[in-house]
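Worksheet: the structure to be examined is printed underneath.
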Amino acid sequence: MDEDQKEYMLNTKLMRNDVTYDITANDIGLDRIRLENYATWKTKGTLYTQRYDSKNQKWAANFMVAPICADAELNGFAIFPNGDEFFLSDEKQFVTIPIMFGAKVENLTDYAKKEHVKQIKSQLFINDILVDEIEETEQLEISSDFIYDYLKNSEHEIEIVTVKVKSTLLTKFTTDGALVDTKEYKIIIHLSQDEEEQEEIIEDPYIEPKTQSNYVFDEYDVKYPDIPPPYIESLEIKVISGGEEKDLSKAKATGKEFVCAGQTITITAVVVNAPVRATIEFAGDNSITHFDSITKKFEWDEPRSRGVSTFFSSLRGFEEMYSGTLTMKEGNSLSDNAIEYTAQYIIPYETKQTLNSWNTLRNNSQDAFDVNENKLFSRIRSPYQIVVKVKSETGSDTKRYDLDVFERWDTIYNRNISNYLSVDLSSYYGRQ
């Protein structure tokens with residue numbers, strides 16, 4: 001623990017059962033508290049306190065302190081000083097393309113210091129080949145320059161070079177997972193053309209500039225005649241229970257499907273005019289993509305302590321799953337041009353609920369015995385969205401799936417929720 005951590009723990013308002021109180025450890029008095037776990041960038045701190053009432057009866061309570069910077073994000077980047085579009089005439093055999101790449105941490109608080117950073121790293125890939133990397137410690141931003149010499153080796157009129165920057169950050173706090181980010185860009189190279197012909201090229205019917213952004217889903221589409229673009233024919237989500245895939249339940253109050261925090265889901269997309277690159281993103285509160293401490297405890301620490309196999313063989317697998325973008329795997333071929341793409345995902349245990357439960361209603365009333373059960377499964381916030389994107393050389397498609405998140409499966413394991421469901425599949429709302 002450093003002095004910044006200690007100051008943060010002593011001067012930050014205390015929490016209990018997700019309720020924040022207007023009191024700090026300093027307010028209680030250092031002689032009446034015990035700091036048990038110090039807050040880190042991404043995990044909560046805990047402390048224990050006790051007091052005696054007028055009858056000399058001892059009362060004890062545990063409080064938590066919010067993470068130092070729960071919203072911290074790592075953003076990788078690539079900058080192209082000479083632009084991302086080049087023209088190579090018949091006389092020229094290569095073009096030099098300068099690239100600056102790196103990463104920086106954003107959304108930090110005053111208590112988050114560069115001295116907390118154990119490692120910040122960025123890797124530069126060109127056409128999926130690692131060509132350069134940079135790594136530092138105790139830094140919040142890194143960058144490096146790279147020169148890429150493109151050598152003409154194609155008979156096509158247009159060549160697309162894929163540039164990818166993969167970045168990771170580890171803090172010195174062992175309970176923090178890695179911050180992970182991947183950015184992808186495209187460089188367009190026009191072959192057998194002079195720069196004076198640029199205007200004519202842009203007007204070619206098979207090259208349609210969509211945007212000036214470099215990001216992978218907002219780039220130039222190179223369109224080929226007689227090859228239809230891909231599209232998502234269907235999108236389905238099931239929950240894993242007892243080792244089997246089962247349908248999601250629907251809440252009467254909303255008429256929408258939901259899953260409990262901590263459960264594993266399978267996402268399946270049927271794509272026509274495949275093969276494609278298929279990815280999943282998540283829209284909503286970023287807690288649904290955060291590898292929180294409770295998820296780590298249930299899915300890694302506790303199983304390993306009992307010698308039980310885990311979802312991934314290493315922590316890196318969890319860190320990549322919770323990076324914000326999930327790559328789907330190609331599965332069964334349903335016909336000549338339709339393929340299933342699948343991915344499994346563990347809903348983080350501390351994902352913010354979109355539906356009211358016993359815990360949220362109890363916290364709202366601040367009375368353990370005052371729960372208005374008529375409000376169970378009523379809406380707190382909009383549902384999350386599972387966003388599936390597919391892309392090939394001939395086009396792209398996107399489909400969204402609304403998904404509500406209820407209380408953690410382990411906290412409702414012995415509760416009967418069947419009366420609140422329009423599709424009663426409550427028997428498997430336990431561990432998968």
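To be explicit about the labels: the chains of the structure tokens are called A, B, and onward in the order shown, and within each one the residues are counted from 1, while ligands get numbers from 1 in the order they are shown.
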
Among segment 115-338 of chain A, which ones does DSSP place in strand (DSSP E or B), written as a PyMOL selection string? chain A and resi 117-126+129-136+141-151+158-171+179-191+207-208+221-222+231-241+244-246+249-251+257-260+264-272+277-283+325-327+329-333+338

All residues 9 Å or closer to segment 162-174 of chain A, only C-alpha atoms, same chain fewer than 2 positions away omitted, as a PyMOL selection string: chain A and resi 40-41+74-78+101-103+105+115-128+138+160+176-187

Contact residues around segment 393-398 of chain A with only C-alpha atoms at 6 Å, ignoring same-chain residues under 2 positions, as a list in words: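 Once the nearby chain positions are removed, what remains is Lys223, Pro229, Tyr231, Val388, Lys389, Val390 and Lys391 of chain A.
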
Which residues, written as number ranges by chain, have at least one atom at most 10 Å from Glu407 of chain A, with only C-alpha atoms counted and residues fewer than 5 positions away on the same chain left out? A: 259-262, 349-360, 377, 412

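Between atom CA of Glu340 of chain A and atom CA of Thr325 of chain A the interatomic distance comes to 18.5 Å.
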
Given only C-alpha atoms as the counted atoms, nearest of A:Ala25, A:Cys69, A:Ile99, A:Ile339 to Val276 of chain A: A:Ile339

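Nearest-residue note for Leu191 of chain A: choosing from A:Asn82, A:Thr49, A:Thr289, A:Ser89, the minimum distance belongs to A:Ser89, counting only C-alpha atoms.
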
Proximity to Thr12 of chain A - best of A:Thr96, A:Thr24, A:Gln385, A:Thr254, only C-alpha atoms: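 When distances to Thr12 of chain A are compared using only C-alpha atoms, the smallest one comes from A:Thr24.
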
Would you compute the distance between atom CA of Glu236 of chain A and atom CA of Ala251 of chain A? Give it in Å to one decimal.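 Atom CA of Ala251 of chain A lies at a distance of 17.7 Å from atom CA of Glu236 of chain A.
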